[in-house]
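Enquirer: Pasting work.json here (JSON, C-alpha atoms and all ligand atoms):
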[["chain", "number", "residue", "atom", "x", "y", "z"],
["Z", 29, "MET", "CA", -6.70, -10.61, -12.08],
["Z", 30, "GLN", "CA", -5.97, -10.18, -8.38],
["Z", 31, "LYS", "CA", -7.82, -7.62, -6.33],
["Z", 32, "LEU", "CA", -5.33, -4.99, -5.18],
["Z", 33, "THR", "CA", -5.66, -2.05, -2.78],
["Z", 34, "LEU", "CA", -2.86, 0.21, -1.59],
["Z", 35, "TYR", "CA", -3.27, 1.62, 1.93],
["Z", 36, "HIS", "CA", -1.23, 4.79, 2.36],
["Z", 37, "PHE", "CA", -1.29, 8.39, 3.56],
["Z", 38, "ASP", "CA", 0.01, 11.65, 2.09],
["Z", 39, "GLY", "CA", 2.84, 12.57, 4.45],
["Z", 40, "CYS", "CA", 4.40, 9.10, 4.63],
["Z", 41, "PRO", "CA", 7.77, 8.97, 2.84],
["Z", 42, "TYR", "CA", 7.61, 5.19, 2.35],
["Z", 43, "CYS", "CA", 4.20, 5.60, 0.71],
["Z", 44, "GLN", "CA", 5.68, 8.34, -1.44],
["Z", 45, "LYS", "CA", 8.38, 5.92, -2.59],
["Z", 46, "VAL", "CA", 5.71, 3.41, -3.68],
["Z", 47, "ARG", "CA", 3.58, 6.12, -5.31],
["Z", 48, "ASN", "CA", 6.65, 7.41, -7.20],
["Z", 49, "TYR", "CA", 7.39, 3.93, -8.51],
["Z", 50, "MET", "CA", 3.74, 3.50, -9.54],
["Z", 51, "LYS", "CA", 3.82, 6.80, -11.41],
["Z", 52, "GLN", "CA", 7.05, 5.92, -13.19],
["Z", 53, "ALA", "CA", 5.66, 2.52, -14.17],
["Z", 54, "SER", "CA", 2.21, 3.95, -15.08],
["Z", 55, "ILE", "CA", 0.50, 1.81, -12.48],
["Z", 56, "THR", "CA", -2.83, 2.90, -11.07],
["Z", 57, "LEU", "CA", -4.38, 1.07, -8.15],
["Z", 58, "PRO", "CA", -7.33, 1.57, -5.86],
["Z", 59, "MET", "CA", -5.94, 3.56, -2.92],
["Z", 60, "LYS", "CA", -7.19, 3.98, 0.64],
["Z", 61, "ASP", "CA", -5.87, 6.83, 2.77],
["Z", 62, "THR", "CA", -5.56, 5.77, 6.42],
["Z", 63, "ARG", "CA", -5.16, 9.29, 7.82],
["Z", 64, "ALA", "CA", -7.97, 10.97, 5.91],
["Z", 65, "GLU", "CA", -10.38, 8.13, 6.72],
["Z", 66, "PRO", "CA", -9.98, 6.50, 10.16],
["Z", 67, "ARG", "CA", -12.14, 3.57, 9.05],
["Z", 68, "ASN", "CA", -9.52, 2.72, 6.40],
["Z", 69, "ARG", "CA", -6.94, 2.45, 9.20],
["Z", 70, "GLU", "CA", -9.28, 0.15, 11.16],
["Z", 71, "GLU", "CA", -9.87, -1.92, 8.04],
["Z", 72, "LEU", "CA", -6.10, -2.31, 7.52],
["Z", 73, "ILE", "CA", -5.60, -3.42, 11.12],
["Z", 74, "LYS", "CA", -8.31, -6.06, 10.63],
["Z", 75, "ILE", "CA", -6.69, -7.33, 7.44],
["Z", 76, "GLY", "CA", -3.02, -7.22, 8.36],
["Z", 77, "GLY", "CA", -2.88, -6.86, 12.12],
["Z", 78, "LYS", "CA", -1.22, -3.42, 12.19],
["Z", 79, "PRO", "CA", -1.77, 0.09, 10.78],
["Z", 80, "GLN", "CA", 1.64, 0.38, 9.11],
["Z", 81, "VAL", "CA", 1.63, 1.92, 5.67],
["Z", 82, "PRO", "CA", 2.27, 1.47, 2.87],
["Z", 83, "CYS", "CA", 0.49, -1.84, 2.67],
["Z", 84, "LEU", "CA", -0.63, -3.55, -0.51],
["Z", 85, "VAL", "CA", -3.58, -5.85, 0.07],
["Z", 86, "ILE", "CA", -3.56, -8.63, -2.51],
["Z", 87, "ASP", "CA", -6.74, -10.69, -2.58],
["Z", 88, "GLY", "CA", -7.27, -9.98, 1.09],
["Z", 89, "LYS", "CA", -3.67, -10.62, 2.16],
["Z", 90, "ALA", "CA", -1.50, -7.81, 3.50],
["Z", 91, "LEU", "CA", 1.94, -7.12, 2.06],
["Z", 92, "TYR", "CA", 3.79, -4.57, 4.18],
["Z", 93, "GLU", "CA", 7.18, -2.90, 3.48],
["Z", 94, "SER", "CA", 7.64, -0.44, 0.64],
["Z", 95, "ASP", "CA", 10.55, -2.34, -0.93],
["Z", 96, "ASP", "CA", 8.56, -5.60, -0.93],
["Z", 97, "ILE", "CA", 5.53, -3.85, -2.43],
["Z", 98, "ILE", "CA", 7.64, -2.35, -5.24],
["Z", 99, "GLN", "CA", 9.28, -5.70, -5.89],
["Z", 100, "TRP", "CA", 5.88, -7.41, -5.96],
["Z", 101, "LEU", "CA", 4.61, -4.87, -8.50],
["Z", 102, "LYS", "CA", 7.74, -5.36, -10.63],
["Z", 103, "ASP", "CA", 7.20, -9.12, -10.61],
["Z", 104, "ASN", "CA", 3.42, -9.23, -10.96],
["Z", 105, "TRP", "CA", 2.00, -6.09, -12.54],
["Z", 106, "LYS", "CA", 0.76, -6.89, -16.04],
["Z", 107, "GLY", "CA", -0.86, -3.54, -16.77],
["Z", 201, "LIG", "N1", 9.99, -0.17, 6.64],
["Z", 201, "LIG", "C1", 8.66, 0.32, 6.33],
["Z", 201, "LIG", "C2", 8.40, 1.60, 7.12],
["Z", 201, "LIG", "C3", 6.95, 2.06, 7.03],
["Z", 201, "LIG", "C4", 6.61, 3.10, 8.10],
["Z", 201, "LIG", "O1", 7.40, 3.36, 9.03],
["Z", 201, "LIG", "N2", 5.44, 3.69, 7.96],
["Z", 201, "LIG", "C5", 4.94, 4.61, 8.98],
["Z", 201, "LIG", "C6", 4.40, 5.87, 8.33],
["Z", 201, "LIG", "S1", 5.65, 6.78, 7.46],
["Z", 201, "LIG", "C7", 3.82, 3.95, 9.73],
["Z", 201, "LIG", "O2", 2.97, 3.31, 9.14],
["Z", 201, "LIG", "N3", 3.80, 4.09, 11.07],
["Z", 201, "LIG", "C8", 2.74, 3.50, 11.87],
["Z", 201, "LIG", "C9", 1.52, 4.34, 11.97],
["Z", 201, "LIG", "O3", 1.49, 5.46, 11.41],
["Z", 201, "LIG", "O4", 0.56, 3.89, 12.58],
["Z", 201, "LIG", "C10", 8.50, 0.50, 4.83],
["Z", 201, "LIG", "O5", 9.52, 0.68, 4.14],
["Z", 201, "LIG", "O6", 7.36, 0.42, 4.33]]
Could I get this structure in the form of structure tokens?
Ligand SMILES: N[C@@H](CCC(=O)N[C@@H](CS)C(=O)NCC(=O)O)C(=O)O
Expert:
Amino acid sequence: MQKLTLYHFDGCPYCQKVRNYMKQASITLPMKDTRAEPRNREELIKIGGKPQVPCLVIDGKALYESDDIIQWLKDNWKG
């Protein structure tokens, strides 16, 4: 099982799109809010090089872009 973490924040519509898909597909993931916790934002920059959210970190590798994250979950999520 891969280690997954979703970096996001509340008011981000692209994050909302990913969270909506997760809800619909009954997917729960560890989540890190980059606005509520500045150190999460710093952590994301270290991992992926930029603070853009949403970002799904898969075994330490950053996957940016909400559409790509949703597609990855469709292809890889085994529940
Ligand atoms: N095309 C991207 C757009 C993501 C995006 O623009 N996210 C904004 C927040 S809504 C962001 O991270 N901006 C940079 C920042 O807040 O530092 C996607 O679909 O994921």
Enquirer: Could you make a table, as a Markdown table, of the residues of chain Z that have an atom within 9 Å of an atom of ligand LIG 201 (chain Z), each with its nearest atom pair and distance in Å to one decimal, counting only C-alpha atoms and all ligand atoms, in chain and number order?
Expert:
| residue | atom | partner | partner_atom | distance |
| --- | --- | --- | --- | --- |
| Z:His36 | CA | Z:LIG201 | O2 | 8.1 |
| Z:Phe37 | CA | Z:LIG201 | C6 | 7.8 |
| Z:Gly39 | CA | Z:LIG201 | S1 | 7.1 |
| Z:Cys40 | CA | Z:LIG201 | S1 | 3.9 |
| Z:Pro41 | CA | Z:LIG201 | S1 | 5.5 |
| Z:Tyr42 | CA | Z:LIG201 | O6 | 5.2 |
| Z:Cys43 | CA | Z:LIG201 | S1 | 7.0 |
| Z:Lys45 | CA | Z:LIG201 | O5 | 8.6 |
| Z:Val46 | CA | Z:LIG201 | O6 | 8.7 |
| Z:Thr62 | CA | Z:LIG201 | O3 | 8.6 |
| Z:Arg63 | CA | Z:LIG201 | O3 | 8.5 |
| Z:Arg69 | CA | Z:LIG201 | O4 | 8.4 |
| Z:Lys78 | CA | Z:LIG201 | O4 | 7.5 |
| Z:Pro79 | CA | Z:LIG201 | O4 | 4.8 |
| Z:Gln80 | CA | Z:LIG201 | O2 | 3.2 |
| Z:Val81 | CA | Z:LIG201 | O2 | 4.0 |
| Z:Pro82 | CA | Z:LIG201 | O6 | 5.4 |
| Z:Cys83 | CA | Z:LIG201 | O6 | 7.4 |
| Z:Tyr92 | CA | Z:LIG201 | O6 | 6.1 |
| Z:Glu93 | CA | Z:LIG201 | O6 | 3.4 |
| Z:Ser94 | CA | Z:LIG201 | O6 | 3.8 |
| Z:Asp95 | CA | Z:LIG201 | O5 | 6.0 |
| Z:Asp96 | CA | Z:LIG201 | O6 | 8.1 |
| Z:Ile97 | CA | Z:LIG201 | O6 | 8.2 |
Enquirer: Anything within 6 Å of (-6.9, -10.6, -4.5): list those residues as an MDAnalysis selection string, counting all atoms listed in the file and sticking to the file's coordinates.
Expert: chainID Z and resid 30:32 86:88
Enquirer: Find the spatial neighbours of Z:Lys89, counting only C-alpha atoms, within a cut-off of 9 Å - ignore same-chain residues fewer than 3 positions away - and output them as a list in words.
Expert: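 In the requested form, the answer reads Ile75, Gly76, Leu84, Val85 and Ile86 of chain Z.
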Enquirer: Padding of 5 Å on every side, edges along x, y and z, all listed atoms of stretch 46-62 of chain Z included: what centre and edge lengths in Å, to one decimal, does that box have, as lines of an AutoDock Vina configuration file?
Expert:
center_x = 0.0
center_y = 4.2
center_z = -4.3
size_x = 24.7
size_y = 16.3
size_z = 31.5
Enquirer: One decimal, Å: what's the distance from atom CA of Z:Arg47 over to atom CA of Z:Gly77, could you say?
Expert: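 The value is 22.7 Å.
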Enquirer: Could you check how far atom CA of Z:Glu71 sits from atom CA of Z:Gln52, in Å to one decimal?
Expert: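 Between atom CA of Z:Glu71 and atom CA of Z:Gln52 the gap works out to 28.3 Å.
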Enquirer: Here is a test: counting all atoms listed in the file, which residue of Z:Gly107, Z:Tyr35, Z:Met29, Z:Leu72 is nearest to Z:Thr56?
Expert: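 Among the listed residues, the smallest separation from Z:Thr56 belongs to Z:Gly107.
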Enquirer: Would you mind reading off the distance between atom CA of Z:Lys102 and atom CA of Z:Ile55, one decimal, in Å?
Expert: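 Distance between the two atoms: 10.4 Å.
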